[in-house]
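Visitor: Structure in structure tokens, see below.
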Amino acid sequence: MRNYLNSSFFKVLIFFYSFLISNSFADDVRIKINSGQVEPLPIAIADFTGGEGKANEIGRQIAEVISNNLVGSGQFKAVESAAFIAPPTSPSVRPNFTDWTPLGIKALITGSVKNINEQQVEVEFRLWDVIAETDLIGLRLSVNEKSWRRVAHIISDEIFERLSGDSGYFDTRIVYVAESGAQNKRLKRLAIMDQDGENHQYLTDGSFLVLTPRFSPTTQEITYLAYFKNEPRVYIFNLETGEQELLGSFPGMTFAPRFSPQGDKIIMSLAEKGVTDIYTMNLNNQEVVRLTNSPSIDTSPSFSPDGKKIIFNSDRGGSQQIYIMDASGKNIKRISYGQGRYATPVWAPKGKLIAFTKMFKNTFYIGVMSPDGSGERLLAKGYLVEGPTWAPNGRVLMYFKQDAPIDDGKSSSVNLYKIDITGFRETRVITPSDGSDPAWSPLIPN
Amino acid sequence: MNKNIIALIGAVALLSACETASQKVVTGSAASSSSGSASASTSSSVDKSKSLFAQAKQTASDKLIAIGDRVLFDYDSAKLDSSAKIMLDAQSRFLRANTDMNFIVEGHCDERGTREYNLALGEQRATAVRDYLVINGIDPDRIKVISYGKEKPAVVGSNGMAWSKNRRAVTIID
């Protein structure tokens with residue numbers, strides 16, 4: 001089997017250069033959109049010009065993917081190319097800015113694709129600040145033409161970062177559980193795809209139940225729960241070899257796994273004799289440490305990005321709530337004090353927020369709050385919404401959602417959705433069949 | 001052409017397709033296949049004894065269902081109520097009368113909870129049943145528990161009736 005995500009497989013050296021303007025000036029003209037702006041920023045994305053034939057087609061597709069990424073983020077609005085007064089000819093040519101200002105466009109993206117040889121193409125782009133009449137960033141790269149899609153994601157990330165001030169999240173993947181069949185005979189398979197739904201592949205064949213996959217922060221591995229031979233246990237799936245490995249040897253069900261921020265441990269629950277507690281297992285020396293010891297349910301643990309704290313779900317106080325403790329298991333404190341029950345806490349990559357599922361009066365919610373429990377904000381709701389996962393920039397959440405049944409006998413379909421945590425634009429992530437338990441990858445290493 | 005644009009040179013190959021994973025269990029055995037699958041050799045007598053075994057299992061299974069193979073629970077609870085205990089008393093008599101058989105108690109939840117919490121709750125429910133059967137004199141080595149959380153509803157539906165029937169622990173023959 002060939003490598004799937006081997007990082008050395010994709011060797012790209014990227015150099016960025018912000019030209020014509022000094023850095024301090026660049027900060028002044030940067031267009032800020034990360035402060036609760038409601039109106040998406042109008043931008044124009046010209047087809048990447050390509051000379052003849054194949055390069056031209058690749059140029060058109062790259063522009064389309066960039067547009068879908070940026071518009072899909074909810075932060076940008078792409079002005080139709082039909083409205084362009086004079087389509088740009090080349091990224092190296094300074095555009096006539098007065099052609100763009102009347103359309104209300106704030107930023108312009110131009111680019112080109114050139115054939116180098118049979119397989120290689122050279123892709124170049126430039127981002128222009130229409131108001132300041134200057135260019136903000138440029139990039140040129142030579143790649144195998146078949147990798148045009150990934151190039152489009154890398155360019156999208158650069159544009160997003162330059163315009164928003166936050167790092168991008170487009171050159172990433174989603175692992176999730178693909179579902180099919182009747183609700184009482186559900187077939188569930190691990191599946192992986194690009195964040196925009198492309199390059200979809202199944203990782204397991206559905207012969208055993210799989211749940212709750214999560215990416216390693218450091219390796220091309222996924223941890224998840226599999227009912228292999230009807231014994232629910234935590235496994236590790238290696239994306240490079242396609243092999244899955246049972247994690248440890250435990251007397252009861254292990255579940256709710258997540259990697260530690262350094263990728264060297266799995267934190268998870270072990271259920272035995274009616275008691276569910278939280279454990280870590282060191283992947284290097286197999287050392288198992290028990291962190292909680294209560295007769296209640298302690299599950300859904302998630303490390304803080306610095307590895308010093310753990311948030312988890314527990315019913316130790318009588319109802320399902322979110323708690324925080326030290327990485328040692330000491331100093332356990334409840335943090336959720338709103339109305340209803342709270343579950344599935346997951347710490348944001350940048351550490352300032354946690355996302356959660358909340359249940360109140362027969363409605364489910366996805367929300368965020370500070371790790372001390374303050375500042376709760378609810379972002380999405382539904383008959384069932386569950387299991388938020390963070391984009392690596394900590395700005396977008398993905399989760400799954402099931403609408404209320406249309407007639408009482410049947411269940412509605414289950415789908416993946418994403419939302420910007422400023423609360424805008426909940427969008428469905430299209431999958432070939434029903435989907436649940438999404439997990440966002442880190443940015444793919446170059 | 002602005003000479004200041006710095007080139008990026010990269011050799012890129014298409015990410016290859018990854019076929020469905022091969023299954024390789026490295027550590028321990030998640031899979032002690034303890035079901036009654038005869039170590040199959042060749043003869044038809046093996047097939048026959050297999051089918052006789054399957055028949056006996058089916059008959060016993062039907063009997064267990066007739067006695068009552070499941071108990072129901074309140075929302076977010078793993079507590080056995082008095083009617084559940086009466087049911088489990090009858091199950092105990094059946095288990096005592098069939099000493100050649102082992103059993104699995106499956107714990108289940110309704111769909112109105114989160115997945116991981118429900119896995120734990122299903123395990124509590126199955127364990128509550130197992131503990132009761134053990135108190136009634138059943139050898140603990142004869143009873144395994146497994147939780148399916150909200151993964152295997154008995155009744156498909158998003159209404160109170162379906163939910164109440166899905167909050168259950170079901171005893172089956174191993």
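Following the order of the structure tokens, chains are lettered A, B, ..., residues in each are numbered from 1, and ligands are numbered from 1.
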Can you tell me which residues surround Phe73 of chain B at a distance of at most 7 Å, considering only C-alpha atoms, apart from same-chain residues fewer than 6 positions away, and format the answer as a PyMOL selection string?
Guide: chain B and resi 79-80+167-168
Visitor: Using the chain letters and numbers from this document, which residues of segment 53-132 of chain B does DSSP assign to strand (DSSP E), as a PyMOL selection string?
Guide: chain B and resi 70-72+103-108
Visitor: Atom CA of Tyr342 of chain A and atom CA of Ile322 of chain A, how far apart in Å?
Guide: 6.0 Å
Visitor: Excluding Pro432 of chain A and residues on its chain fewer than 4 positions from it, collect all residues at most 10 Å away from it, counting only C-alpha atoms, and give them as a ChimeraX atom specification.
Guide: /A:178-180,197,200
Visitor: Hey, can you spit out that residue selection with N, CA and C atoms as a PDB file, in the first residue's frame?
Guide:
```pdb
ATOM      1  N   ALA A 178     -18.891   7.495   8.898  1.00  0.00           N
ATOM      2  CA  ALA A 178     -19.886   7.469   7.824  1.00  0.00           C
ATOM      3  C   ALA A 178     -20.953   6.443   8.200  1.00  0.00           C
ATOM      4  N   GLU A 179     -22.215   6.868   8.128  1.00  0.00           N
ATOM      5  CA  GLU A 179     -23.309   6.003   8.563  1.00  0.00           C
ATOM      6  C   GLU A 179     -24.225   5.663   7.399  1.00  0.00           C
ATOM      7  N   SER A 180     -24.734   4.431   7.395  1.00  0.00           N
ATOM      8  CA  SER A 180     -25.737   4.053   6.405  1.00  0.00           C
ATOM      9  C   SER A 180     -26.613   2.957   6.986  1.00  0.00           C
ATOM     10  N   GLY A 197     -14.619  18.268   1.913  1.00  0.00           N
ATOM     11  CA  GLY A 197     -15.378  17.100   1.481  1.00  0.00           C
ATOM     12  C   GLY A 197     -14.768  16.348   0.307  1.00  0.00           C
ATOM     13  N   HIS A 200     -12.612  11.922  -0.603  1.00  0.00           N
ATOM     14  CA  HIS A 200     -13.259  11.098   0.412  1.00  0.00           C
ATOM     15  C   HIS A 200     -12.821   9.634   0.288  1.00  0.00           C
TER      16      HIS A 200
END
```
Visitor: To one decimal place, how far is atom CA of Ile159 of chain A from atom CA of Val346 of chain A in Å?
Guide: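 Answer for the atom CA of Ile159 of chain A to atom CA of Val346 of chain A separation: 27.8 Å.
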Visitor: Would you mind listing what lies within 10 Å of segment 245-253 of chain A as JSON, numbers by chain, with only C-alpha atoms counted and same-chain residues fewer than 3 positions away left out?
Guide: {"A": [223, 224, 225, 226, 227, 228, 231, 232, 233, 234, 235, 236, 237, 238, 266, 269, 270, 271, 272, 273, 274, 276, 281, 282, 283, 286, 287, 288], "B": [23, 24, 25, 26, 27, 28, 29, 30, 119, 120, 123, 145, 146, 147]}
Visitor: Suppose you want the space between atom CA of Ser413 of chain A and atom CA of Ala256 of chain A; what is it in Å?
Guide: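 It comes out at 23.6 Å.
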Visitor: Ranking A:Ala355, A:Ala439, A:Leu139, A:Leu416 by minimum distance to chain B and counting only C-alpha atoms, which one comes first?
Guide: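 For chain B, the nearest of the candidates is A:Leu139.
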Visitor: Set the distance at 7 Å and use only C-alpha atoms: which residues neighbour segment 140-142 of chain B once local chain neighbours fewer than 5 positions away are removed? I'd like the list as an mmCIF file with N, CA and C atoms, in the first residue's frame.
Guide:
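around-v5.cif was written with the following content:
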```
data_model
loop_
_atom_site.group_PDB
_atom_site.id
_atom_site.type_symbol
_atom_site.label_atom_id
_atom_site.label_comp_id
_atom_site.auth_asym_id
_atom_site.auth_seq_id
_atom_site.Cartn_x
_atom_site.Cartn_y
_atom_site.Cartn_z
ATOM 1 N N ASN B 102 -23.557 -19.813 28.868
ATOM 2 C CA ASN B 102 -23.092 -18.518 29.365
ATOM 3 C C ASN B 102 -23.936 -17.402 28.753
ATOM 4 N N PHE B 103 -23.862 -16.255 29.380
ATOM 5 C CA PHE B 103 -24.765 -15.177 28.986
ATOM 6 C C PHE B 103 -24.041 -13.842 28.833
ATOM 7 N N VAL B 134 -25.969 -12.146 39.995
ATOM 8 C CA VAL B 134 -24.910 -12.753 40.818
ATOM 9 C C VAL B 134 -25.381 -12.886 42.267
#
```
Visitor: Excluding same-chain residues fewer than 6 positions from Val155 of chain B, what lies within 7 Å of it counting only C-alpha atoms, as a PDB file with N, CA and C atoms, in the first residue's frame?
Guide:
```pdb
ATOM      1  N   ALA B 162     -40.622   5.130  22.053  1.00  0.00           N
ATOM      2  CA  ALA B 162     -39.400   4.477  21.563  1.00  0.00           C
ATOM      3  C   ALA B 162     -38.277   4.623  22.593  1.00  0.00           C
ATOM      4  N   LYS B 165     -38.477   2.223  25.524  1.00  0.00           N
ATOM      5  CA  LYS B 165     -38.151   0.828  25.191  1.00  0.00           C
ATOM      6  C   LYS B 165     -36.669   0.644  24.879  1.00  0.00           C
ATOM      7  N   ASN B 166     -35.987   1.740  24.556  1.00  0.00           N
ATOM      8  CA  ASN B 166     -34.561   1.639  24.238  1.00  0.00           C
ATOM      9  C   ASN B 166     -33.659   1.746  25.471  1.00  0.00           C
TER      10      ASN B 166
END
```
Visitor: Using DSSP assignments from the backbone, pull out every residue in segment 128-336 of chain A that falls under alpha helix (DSSP H) and give it to me as a PyMOL selection string.
Guide: chain A and resi 148-164
